[in-house]
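Have a look at entry-v2.cif below; it lists mmCIF, C-alpha atoms.
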data_upload
loop_
_atom_site.label_atom_id
_atom_site.label_comp_id
_atom_site.auth_asym_id
_atom_site.auth_seq_id
_atom_site.Cartn_x
_atom_site.Cartn_y
_atom_site.Cartn_z
CA MET A 1 6.36 8.84 2.12
CA VAL A 2 5.16 5.21 2.09
CA ASN A 3 3.14 3.75 4.95
CA PRO A 4 3.47 -0.07 4.77
CA ALA A 5 0.47 -0.44 7.09
CA THR A 6 -1.77 0.89 4.29
CA ARG A 7 -0.15 -1.17 1.52
CA THR A 8 -0.62 -4.61 3.03
CA LEU A 9 -4.01 -4.73 4.67
CA PRO A 10 -4.96 -8.40 5.05
CA ALA A 11 -6.63 -9.97 2.01
CA GLU A 12 -8.07 -13.46 1.76
CA ASN A 13 -7.02 -14.01 -1.86
CA LEU A 14 -4.11 -13.02 -4.05
CA ALA A 15 -4.61 -9.49 -5.40
CA VAL A 16 -2.65 -7.29 -7.82
CA THR A 17 -2.85 -3.52 -7.33
CA PHE A 18 -1.50 -0.45 -9.12
CA SER A 19 -1.06 2.95 -7.52
CA SER A 20 0.47 6.30 -8.46
CA GLN A 21 1.16 9.57 -6.67
CA ILE A 22 2.15 13.03 -7.86
CA PHE A 23 3.15 15.75 -5.41
CA GLU A 24 4.21 19.31 -6.20
CA ALA A 25 5.04 22.16 -3.85
CA ASN A 26 6.19 25.67 -4.65
CA ASP A 27 7.42 28.60 -2.61
CA TYR A 28 6.69 31.10 -4.07
CA THR A 29 6.49 30.38 -7.84
CA SER A 30 5.50 27.15 -9.61
CA MET A 31 8.20 25.14 -11.39
CA ARG A 32 5.94 24.95 -14.44
CA HIS A 33 6.37 28.67 -15.03
CA PHE A 34 10.02 28.08 -15.93
CA SER A 35 9.18 25.66 -18.77
CA ASP A 36 5.57 26.48 -19.77
CA ASP A 37 3.58 29.65 -20.36
CA TRP A 38 3.09 31.85 -17.32
CA ARG A 39 -0.38 31.52 -15.82
CA GLY A 40 -1.79 33.27 -12.79
CA ALA A 41 -0.52 36.09 -10.61
CA TYR A 42 3.09 36.73 -9.64
CA THR A 43 3.68 37.45 -5.95
CA PRO A 44 7.46 37.42 -5.40
CA ARG A 45 9.40 38.06 -2.23
CA GLU A 46 13.04 38.18 -1.25
CA GLY A 47 15.00 34.99 -0.69
CA LYS A 48 15.07 31.65 -2.47
CA ASN A 49 12.30 30.41 -4.69
CA LEU A 50 11.90 26.66 -4.14
CA GLY A 51 10.03 24.11 -6.23
CA VAL A 52 9.80 20.36 -5.71
CA SER A 53 8.09 17.65 -7.73
CA PHE A 54 7.75 14.00 -6.72
CA ALA A 55 6.15 11.26 -8.84
CA ARG A 56 5.63 7.65 -7.77
CA ALA A 57 4.11 4.58 -9.43
CA ASP A 58 4.07 0.94 -8.36
CA VAL A 59 2.44 -2.38 -9.08
CA SER A 60 2.17 -4.90 -6.24
CA ALA A 61 0.93 -8.40 -5.55
CA ARG A 62 -0.38 -9.16 -2.08
CA GLU A 63 -1.63 -12.19 -0.24
CA ALA A 64 -2.81 -12.14 3.36
CA SER A 65 -0.55 -9.62 5.10
CA TRP A 66 2.39 -9.80 2.65
CA SER A 67 3.04 -7.57 -0.35
CA VAL A 68 5.80 -7.54 -2.98
CA GLY A 69 6.01 -5.00 -5.78
CA TYR A 70 7.94 -2.99 -8.36
CA PHE A 71 8.06 0.82 -8.18
CA TYR A 72 9.33 3.87 -10.08
CA ARG A 73 10.10 7.36 -8.77
CA HIS A 74 11.04 10.70 -10.34
CA ASP A 75 12.15 13.64 -8.16
CA ILE A 76 13.06 17.23 -9.09
CA LEU A 77 14.27 20.13 -6.93
CA LEU A 78 14.54 23.66 -8.36
CA GLU A 79 16.07 26.68 -6.59
CA SER A 80 16.26 30.24 -7.89
CA ASN A 81 16.76 33.70 -6.40
CA ARG A 82 14.45 36.71 -6.72
CA ASP A 83 16.28 38.30 -9.69
CA THR A 84 16.19 35.08 -11.73
CA THR A 85 12.47 34.62 -11.12
CA ASP A 86 11.79 38.29 -12.00
CA LEU A 87 13.68 37.86 -15.28
CA VAL A 88 11.78 34.69 -16.22
CA TYR A 89 8.47 36.39 -15.43
CA ALA A 90 9.29 39.48 -17.52
CA ASN A 91 10.25 37.35 -20.52
CA LYS A 92 7.27 35.01 -20.28
CA ILE A 93 4.70 37.82 -20.32
CA VAL A 94 6.83 40.08 -22.58
CA ALA A 95 6.85 42.87 -19.99
CA PRO A 96 8.95 46.03 -20.57
CA VAL A 97 12.15 46.23 -18.51
CA PRO A 98 14.10 49.48 -17.90
CA VAL A 99 17.29 49.70 -19.97
CA GLY A 100 20.38 49.17 -17.83
CA LYS A 101 18.71 47.00 -15.19
CA ASN A 102 21.08 44.33 -13.87
CA TYR A 103 19.88 40.90 -12.79
CA ASP A 104 21.86 38.59 -10.50
CA ILE A 105 21.27 35.11 -11.95
CA ASN A 106 21.30 32.14 -9.58
CA LEU A 107 19.49 28.99 -10.70
CA GLU A 108 19.98 25.34 -9.71
CA MET A 109 18.08 22.21 -10.73
CA ASN A 110 18.67 18.64 -9.55
CA GLY A 111 16.65 15.58 -10.45
CA PHE A 112 16.81 11.82 -10.68
CA GLU A 113 14.83 8.79 -11.81
CA ALA A 114 15.04 5.38 -10.18
CA HIS A 115 13.21 2.07 -9.91
CA GLY A 116 13.29 -0.88 -7.57
CA VAL A 117 11.45 -3.58 -5.64
CA ARG A 118 9.90 -3.56 -2.19
CA LEU A 119 8.56 -6.05 0.35
CA ASP A 120 5.97 -5.21 3.03
CA LYS A 121 4.48 -7.06 5.98
CA ALA A 122 1.51 -5.94 8.10
CA VAL A 123 0.01 -7.20 11.36
CA SER A 124 -3.50 -6.21 12.51
CA TRP A 125 -5.11 -6.26 15.94
CA GLN A 126 -8.83 -6.32 16.64
CA THR A 127 -9.25 -4.40 19.89
CA GLN A 128 -12.14 -4.43 22.33
CA ARG A 129 -12.53 -0.69 21.86
CA ALA A 130 -14.02 1.33 19.01
CA TRP A 131 -10.87 1.14 16.88
CA ASN A 132 -8.48 -1.37 15.33
CA ALA A 133 -4.73 -1.07 14.73
CA THR A 134 -2.43 -2.19 11.91
CA VAL A 135 1.37 -2.02 12.06
CA GLY A 136 3.43 -2.45 8.91
CA VAL A 137 7.12 -2.72 8.09
CA GLY A 138 8.65 -2.46 4.63
CA ALA A 139 12.01 -2.69 2.89
CA SER A 140 12.87 -1.44 -0.59
CA LEU A 141 15.89 -1.67 -2.90
CA LEU A 142 16.50 1.21 -5.33
CA LYS A 143 18.57 1.49 -8.52
CA GLY A 144 19.21 4.80 -10.30
CA GLN A 145 18.18 5.24 -13.96
CA ARG A 146 18.87 8.90 -14.71
CA THR A 147 20.36 11.94 -13.02
CA ARG A 148 20.41 15.58 -14.09
CA MET A 149 22.19 18.48 -12.40
CA GLY A 150 22.14 22.01 -13.82
CA GLN A 151 23.33 25.42 -12.66
CA ALA A 152 23.41 28.98 -13.98
CA HIS A 153 25.27 31.74 -12.13
CA GLY A 154 26.18 35.23 -13.33
CA ASN A 155 24.54 38.44 -14.50
CA ALA A 156 22.07 39.65 -17.13
CA LEU A 157 21.93 43.31 -18.22
CA SER A 158 18.86 44.67 -20.02
CA THR A 159 19.51 46.68 -23.18
CA ALA A 160 17.38 48.52 -25.73
CA THR A 161 17.18 45.36 -27.85
CA GLY A 162 17.17 42.61 -25.22
CA TYR A 163 19.76 41.36 -22.73
CA THR A 164 23.48 40.75 -22.52
CA TYR A 165 24.53 37.79 -20.40
CA ASP A 166 27.67 36.96 -18.46
CA LEU A 167 26.91 33.48 -17.17
CA ASN A 168 28.60 30.30 -16.05
CA MET A 169 26.27 27.42 -16.95
CA THR A 170 26.53 23.66 -16.43
CA ASP A 171 24.10 20.92 -17.46
CA ALA A 172 24.99 17.32 -16.64
CA ASP A 173 22.40 14.81 -17.87
CA SER A 174 23.17 11.09 -17.86
CA ASN A 175 20.77 10.56 -20.80
CA LYS A 176 22.43 13.12 -23.09
CA THR A 177 25.41 12.80 -25.42
CA TYR A 178 28.10 15.48 -25.14
CA PRO A 179 30.91 16.18 -27.67
CA PHE A 180 34.25 14.50 -26.90
CA MET A 181 32.77 12.76 -23.85
CA PRO A 182 31.63 9.15 -23.35
CA LEU A 183 27.95 8.45 -22.77
CA GLY A 184 27.01 8.94 -19.13
CA GLU A 185 26.01 5.96 -17.03
CA VAL A 186 24.13 6.00 -13.74
CA SER A 187 25.66 3.70 -11.14
CA SER A 188 23.80 4.07 -7.88
CA THR A 189 21.90 1.79 -5.54
CA GLY A 190 20.24 2.30 -2.20
CA TYR A 191 17.71 0.94 0.24
CA ALA A 192 15.03 2.22 2.58
CA LEU A 193 13.24 0.84 5.63
CA ASP A 194 9.70 1.99 6.45
CA LEU A 195 7.55 1.64 9.56
CA GLY A 196 3.90 2.66 9.65
CA ILE A 197 0.77 2.50 11.80
CA ARG A 198 -2.90 2.81 10.87
CA LEU A 199 -5.63 3.32 13.48
CA GLN A 200 -9.14 2.65 12.14
CA TRP A 201 -12.31 3.70 13.98
CA GLN A 202 -15.69 2.05 13.49
CA ASP A 203 -17.22 5.32 12.25
CA GLY A 204 -14.81 5.32 9.27
CA LYS A 205 -12.24 7.76 10.61
CA ARG A 206 -8.59 6.73 10.52
CA LEU A 207 -5.15 7.97 11.47
CA ASP A 208 -2.00 7.05 9.52
CA LEU A 209 1.50 7.47 10.97
CA ALA A 210 4.73 6.71 9.09
#
Show me this structure written as structure tokens.
Amino acid sequence: MVNPATRTLPAENLAVTFSSQIFEANDYTSMRHFSDDWRGAYTPREGKNLGVSFARADVSAREASWSVGYFYRHDILLESNRDTTDLVYANKIVAPVPVGKNYDINLEMNGFEAHGVRLDKAVSWQTQRAWNATVGVGASLLKGQRTRMGQAHGNALSTATGYTYDLNMTDADSNKTYPFMPLGEVSSTGYALDLGIRLQWQDGKRLDLA
């Protein structure tokens, strides 16, 4: 979420700024456990396991209450069911699994990368009270760079020597080359409009709304 009221606070001279943000949220197991070594406790529950990861970076030039900049974003959403997460956990920590145990596999991953430009404008008011207000509006144009969509559905049966799998798997990545298929190309554009407010008190406290 971008609050244009915080990006374009009035400045007397031309200034160039760089900012980055990384946000991750997991319910109930971290996405990193699926690709890296398992660390920490495992507290599963029934239902979907959700993981999201958002990364943002931008460089902007601002003068007075105007700002123009270039930005990059990378988003990932991962969904898995309880059986899939249990199977990943058992394999990561090399835990024994009873022979003949059947796992219902259900895993989905969607992600994309994009870049673009944005323009922001802010207006500030000096009030007679103990706080000041800034209202900002912004517009951004977005162009896709990479998309990836993957799924795995089926069953896994534990045996004395490992597992036997009966799965239907798909992995579509615009940056990969597949046999007998032309190279993928991302063709997507979009735009976004943002409105934000910042209230600033004289004691340093502030409230941002976007």
Just the number, please: distance in Å from atom CA of Asp36 of chain A to atom CA of Ala90 of chain A, one decimal.
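Result for atom CA of Asp36 of chain A versus atom CA of Ala90 of chain A: 13.7 Å, one decimal.
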Quick one: pull the distance between atom CA of Ser30 of chain A and atom CA of Val52 of chain A, Å, one decimal.
8.9 Å
Residue neighbourhood segment 164-167 of chain A, 8 Å, all atoms listed in the file, exclusion window fewer than 2 positions, as a ChimeraX atom specification:
/A:105,152-159,162,169
Apply the PyMOL selection byres ((chain A and resi 7) around 9) to the structure shown and report the selected residues as a ChimeraX atom specification.
/A:2-6,8-9,60,62,67,120-122,136
Would you kindly translate the PyMOL selection byres ((chain A and resi 75-84) around 8) into the concrete residues it picks from this file, as a PyMOL selection string?
chain A and resi 31+44-55+73-74+85-88+103-113
Closest to Ser140 of chain A among A:Thr17, A:Thr189, A:Thr177, A:Thr43, using only C-alpha atoms?
A:Thr189
Quick check, in Å to one decimal: how far apart do atom CA of Arg146 of chain A and atom CA of His115 of chain A lie?
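Rounded to one decimal, the two atoms are 10.1 Å apart.
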Measuring atom to atom with only C-alpha atoms, identify which of A:Gly190, A:Pro179, A:Gly196, A:Gly204 is nearest to Gly144 of chain A.
A:Gly190
Since I can't run it myself right now, could you work out what the PyMOL selection byres ((chain A and resi 20) around 8) selects here and report it as a PDB file with C-alpha atoms, in the coordinates of the input?
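Wrote expr20.pdb, looks like this:
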ATOM      1  CA  PHE A  18      -1.500  -0.450  -9.120  1.00  0.00           C
ATOM      2  CA  SER A  19      -1.060   2.950  -7.520  1.00  0.00           C
ATOM      3  CA  GLN A  21       1.160   9.570  -6.670  1.00  0.00           C
ATOM      4  CA  ILE A  22       2.150  13.030  -7.860  1.00  0.00           C
ATOM      5  CA  ALA A  55       6.150  11.260  -8.840  1.00  0.00           C
ATOM      6  CA  ARG A  56       5.630   7.650  -7.770  1.00  0.00           C
ATOM      7  CA  ALA A  57       4.110   4.580  -9.430  1.00  0.00           C
ATOM      8  CA  ASP A  58       4.070   0.940  -8.360  1.00  0.00           C
TER       9      ASP A  58
END
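Residue nearest Val117 of chain A within the list A:Val137, A:Ile197, A:Val59, A:Val186: A:Val59 [criterion: smallest interatomic distance, only C-alpha atoms].
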Neighbours of Gln200 of chain A within 12 Å (only C-alpha atoms; same-chain residues fewer than 3 positions away dropped), as a list in words?
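Once the nearby chain positions are removed, what remains is Ala5, Thr6, Leu9, Ser124, Trp125, Gln126, Thr127, Arg129, Ala130, Trp131, Asn132, Ala133, Thr134, Val135, Ile197, Asp203, Gly204, Lys205, Arg206, Leu207, Asp208 and Leu209 of chain A.
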Given the selection you just returned, output its residues as a file containing C-alpha atoms, formatted as a PDB file, in the coordinates of the input.
ATOM      1  CA  ALA A   5       0.470  -0.440   7.090  1.00  0.00           C
ATOM      2  CA  THR A   6      -1.770   0.890   4.290  1.00  0.00           C
ATOM      3  CA  LEU A   9      -4.010  -4.730   4.670  1.00  0.00           C
ATOM      4  CA  SER A 124      -3.500  -6.210  12.510  1.00  0.00           C
ATOM      5  CA  TRP A 125      -5.110  -6.260  15.940  1.00  0.00           C
ATOM      6  CA  GLN A 126      -8.830  -6.320  16.640  1.00  0.00           C
ATOM      7  CA  THR A 127      -9.250  -4.400  19.890  1.00  0.00           C
ATOM      8  CA  ARG A 129     -12.530  -0.690  21.860  1.00  0.00           C
ATOM      9  CA  ALA A 130     -14.020   1.330  19.010  1.00  0.00           C
ATOM     10  CA  TRP A 131     -10.870   1.140  16.880  1.00  0.00           C
ATOM     11  CA  ASN A 132      -8.480  -1.370  15.330  1.00  0.00           C
ATOM     12  CA  ALA A 133      -4.730  -1.070  14.730  1.00  0.00           C
ATOM     13  CA  THR A 134      -2.430  -2.190  11.910  1.00  0.00           C
ATOM     14  CA  VAL A 135       1.370  -2.020  12.060  1.00  0.00           C
ATOM     15  CA  ILE A 197       0.770   2.500  11.800  1.00  0.00           C
ATOM     16  CA  ASP A 203     -17.220   5.320  12.250  1.00  0.00           C
ATOM     17  CA  GLY A 204     -14.810   5.320   9.270  1.00  0.00           C
ATOM     18  CA  LYS A 205     -12.240   7.760  10.610  1.00  0.00           C
ATOM     19  CA  ARG A 206      -8.590   6.730  10.520  1.00  0.00           C
ATOM     20  CA  LEU A 207      -5.150   7.970  11.470  1.00  0.00           C
ATOM     21  CA  ASP A 208      -2.000   7.050   9.520  1.00  0.00           C
ATOM     22  CA  LEU A 209       1.500   7.470  10.970  1.00  0.00           C
TER      23      LEU A 209
END
As lines of an AutoDock Vina configuration file: centre and edge lengths in Å, one decimal, of the axis-aligned box holding segment 40-54 of chain A with 5 Å per side:
center_x = 6.6
center_y = 26.1
center_z = -6.7
size_x = 26.9
size_y = 34.2
size_z = 22.1
Residue nearest Asn13 of chain A among A:Ser35, A:Thr29, A:Ser65, A:Gln145 (counting all atoms listed in the file):
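Closest residue, counting all atoms listed in the file: A:Ser65.
Candidate residues A:Val123, A:Ser187, A:Leu142, A:Gln202 were compared for distance to Trp66 of chain A, and the nearest is A:Val123, using all atoms listed in the file.
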Saving segment 36-78 of chain A with N, CA and C atoms, as an mmCIF file, in the first residue's frame, what would that file be?
data_model
loop_
_atom_site.group_PDB
_atom_site.id
_atom_site.type_symbol
_atom_site.label_atom_id
_atom_site.label_comp_id
_atom_site.auth_asym_id
_atom_site.auth_seq_id
_atom_site.Cartn_x
_atom_site.Cartn_y
_atom_site.Cartn_z
ATOM 1 N N ASP A 36 13.800 -23.598 1.825
ATOM 2 C CA ASP A 36 15.018 -23.632 2.642
ATOM 3 C C ASP A 36 14.897 -24.709 3.719
ATOM 4 N N ASP A 37 15.918 -24.792 4.562
ATOM 5 C CA ASP A 37 15.873 -25.721 5.687
ATOM 6 C C ASP A 37 14.786 -25.304 6.673
ATOM 7 N N TRP A 38 14.189 -26.307 7.318
ATOM 8 C CA TRP A 38 13.128 -26.019 8.282
ATOM 9 C C TRP A 38 13.745 -25.504 9.576
ATOM 10 N N ARG A 39 13.244 -24.361 10.041
ATOM 11 C CA ARG A 39 13.728 -23.783 11.289
ATOM 12 C C ARG A 39 12.537 -23.401 12.157
ATOM 13 N N GLY A 40 12.635 -23.715 13.433
ATOM 14 C CA GLY A 40 11.559 -23.364 14.346
ATOM 15 C C GLY A 40 10.546 -24.483 14.504
ATOM 16 N N ALA A 41 9.538 -24.214 15.322
ATOM 17 C CA ALA A 41 8.512 -25.207 15.629
ATOM 18 C C ALA A 41 7.510 -25.326 14.488
ATOM 19 N N TYR A 42 6.773 -26.429 14.500
ATOM 20 C CA TYR A 42 5.723 -26.671 13.513
ATOM 21 C C TYR A 42 4.402 -26.808 14.253
ATOM 22 N N THR A 43 3.488 -25.883 14.007
ATOM 23 C CA THR A 43 2.194 -25.883 14.699
ATOM 24 C C THR A 43 1.075 -25.869 13.663
ATOM 25 N N PRO A 44 0.803 -27.013 13.035
ATOM 26 C CA PRO A 44 -0.195 -27.050 11.959
ATOM 27 C C PRO A 44 -1.620 -27.052 12.488
ATOM 28 N N ARG A 45 -2.546 -26.792 11.598
ATOM 29 C CA ARG A 45 -3.966 -26.930 11.885
ATOM 30 C C ARG A 45 -4.680 -27.220 10.576
ATOM 31 N N GLU A 46 -5.912 -27.624 10.666
ATOM 32 C CA GLU A 46 -6.667 -27.975 9.471
ATOM 33 C C GLU A 46 -6.950 -26.731 8.623
ATOM 34 N N GLY A 47 -7.181 -26.969 7.340
ATOM 35 C CA GLY A 47 -7.478 -25.861 6.437
ATOM 36 C C GLY A 47 -6.276 -25.480 5.605
ATOM 37 N N LYS A 48 -6.396 -24.378 4.875
ATOM 38 C CA LYS A 48 -5.342 -23.932 3.979
ATOM 39 C C LYS A 48 -4.195 -23.294 4.746
ATOM 40 N N ASN A 49 -2.988 -23.558 4.249
ATOM 41 C CA ASN A 49 -1.810 -22.838 4.700
ATOM 42 C C ASN A 49 -1.522 -21.755 3.661
ATOM 43 N N LEU A 50 -1.478 -20.501 4.087
ATOM 44 C CA LEU A 50 -1.295 -19.382 3.172
ATOM 45 C C LEU A 50 0.020 -18.677 3.457
ATOM 46 N N GLY A 51 0.707 -18.282 2.404
ATOM 47 C CA GLY A 51 1.925 -17.498 2.537
ATOM 48 C C GLY A 51 1.971 -16.432 1.461
ATOM 49 N N VAL A 52 2.279 -15.205 1.842
ATOM 50 C CA VAL A 52 2.391 -14.117 0.879
ATOM 51 C C VAL A 52 3.715 -13.405 1.090
ATOM 52 N N SER A 53 4.268 -12.887 -0.002
ATOM 53 C CA SER A 53 5.511 -12.132 0.051
ATOM 54 C C SER A 53 5.414 -10.986 -0.945
ATOM 55 N N PHE A 54 5.622 -9.766 -0.459
ATOM 56 C CA PHE A 54 5.589 -8.583 -1.308
ATOM 57 C C PHE A 54 6.912 -7.832 -1.162
ATOM 58 N N ALA A 55 7.515 -7.451 -2.277
ATOM 59 C CA ALA A 55 8.742 -6.657 -2.264
ATOM 60 C C ALA A 55 8.545 -5.443 -3.170
ATOM 61 N N ARG A 56 8.989 -4.281 -2.692
ATOM 62 C CA ARG A 56 8.859 -3.042 -3.444
ATOM 63 C C ARG A 56 10.173 -2.268 -3.376
ATOM 64 N N ALA A 57 10.512 -1.582 -4.466
ATOM 65 C CA ALA A 57 11.663 -0.682 -4.481
ATOM 66 C C ALA A 57 11.368 0.437 -5.466
ATOM 67 N N ASP A 58 11.752 1.665 -5.114
ATOM 68 C CA ASP A 58 11.537 2.768 -6.047
ATOM 69 C C ASP A 58 12.557 3.871 -5.824
ATOM 70 N N VAL A 59 12.813 4.611 -6.878
ATOM 71 C CA VAL A 59 13.657 5.797 -6.819
ATOM 72 C C VAL A 59 12.829 6.951 -7.369
ATOM 73 N N SER A 60 12.822 8.074 -6.644
ATOM 74 C CA SER A 60 11.942 9.186 -6.995
ATOM 75 C C SER A 60 12.696 10.505 -6.926
ATOM 76 N N ALA A 61 12.252 11.436 -7.747
ATOM 77 C CA ALA A 61 12.728 12.819 -7.691
ATOM 78 C C ALA A 61 11.545 13.690 -7.298
ATOM 79 N N ARG A 62 11.756 14.591 -6.349
ATOM 80 C CA ARG A 62 10.658 15.437 -5.906
ATOM 81 C C ARG A 62 11.104 16.882 -5.807
ATOM 82 N N GLU A 63 10.169 17.754 -6.068
ATOM 83 C CA GLU A 63 10.393 19.191 -5.939
ATOM 84 C C GLU A 63 9.090 19.812 -5.480
ATOM 85 N N ALA A 64 9.185 20.610 -4.417
ATOM 86 C CA ALA A 64 7.985 21.158 -3.785
ATOM 87 C C ALA A 64 7.042 20.011 -3.446
ATOM 88 N N SER A 65 5.824 20.034 -3.947
ATOM 89 C CA SER A 65 4.855 19.000 -3.581
ATOM 90 C C SER A 65 4.653 17.962 -4.677
ATOM 91 N N TRP A 66 5.532 17.934 -5.685
ATOM 92 C CA TRP A 66 5.432 16.966 -6.777
ATOM 93 C C TRP A 66 6.498 15.891 -6.635
ATOM 94 N N SER A 67 6.178 14.697 -7.109
ATOM 95 C CA SER A 67 7.141 13.596 -7.100
ATOM 96 C C SER A 67 6.905 12.718 -8.318
ATOM 97 N N VAL A 68 7.995 12.317 -8.985
ATOM 98 C CA VAL A 68 7.914 11.386 -10.105
ATOM 99 C C VAL A 68 8.987 10.326 -9.884
ATOM 100 N N GLY A 69 8.655 9.068 -10.161
ATOM 101 C CA GLY A 69 9.618 8.017 -9.859
ATOM 102 C C GLY A 69 9.404 6.748 -10.660
ATOM 103 N N TYR A 70 10.393 5.859 -10.533
ATOM 104 C CA TYR A 70 10.368 4.530 -11.143
ATOM 105 C C TYR A 70 10.298 3.512 -10.015
ATOM 106 N N PHE A 71 9.502 2.432 -10.186
ATOM 107 C CA PHE A 71 9.369 1.445 -9.123
ATOM 108 C C PHE A 71 9.367 0.027 -9.688
ATOM 109 N N TYR A 72 9.659 -0.922 -8.794
ATOM 110 C CA TYR A 72 9.678 -2.353 -9.112
ATOM 111 C C TYR A 72 8.928 -3.086 -8.008
ATOM 112 N N ARG A 73 8.180 -4.139 -8.380
ATOM 113 C CA ARG A 73 7.472 -4.934 -7.380
ATOM 114 C C ARG A 73 7.535 -6.414 -7.737
ATOM 115 N N HIS A 74 7.527 -7.240 -6.692
ATOM 116 C CA HIS A 74 7.609 -8.698 -6.845
ATOM 117 C C HIS A 74 6.671 -9.314 -5.811
ATOM 118 N N ASP A 75 5.634 -10.014 -6.271
ATOM 119 C CA ASP A 75 4.618 -10.578 -5.383
ATOM 120 C C ASP A 75 4.531 -12.090 -5.563
ATOM 121 N N ILE A 76 4.344 -12.809 -4.448
ATOM 122 C CA ILE A 76 4.187 -14.265 -4.469
ATOM 123 C C ILE A 76 3.059 -14.648 -3.515
ATOM 124 N N LEU A 77 2.211 -15.572 -3.955
ATOM 125 C CA LEU A 77 1.165 -16.146 -3.110
ATOM 126 C C LEU A 77 1.275 -17.660 -3.170
ATOM 127 N N LEU A 78 1.369 -18.302 -2.005
ATOM 128 C CA LEU A 78 1.494 -19.755 -1.907
ATOM 129 C C LEU A 78 0.336 -20.303 -1.082
#
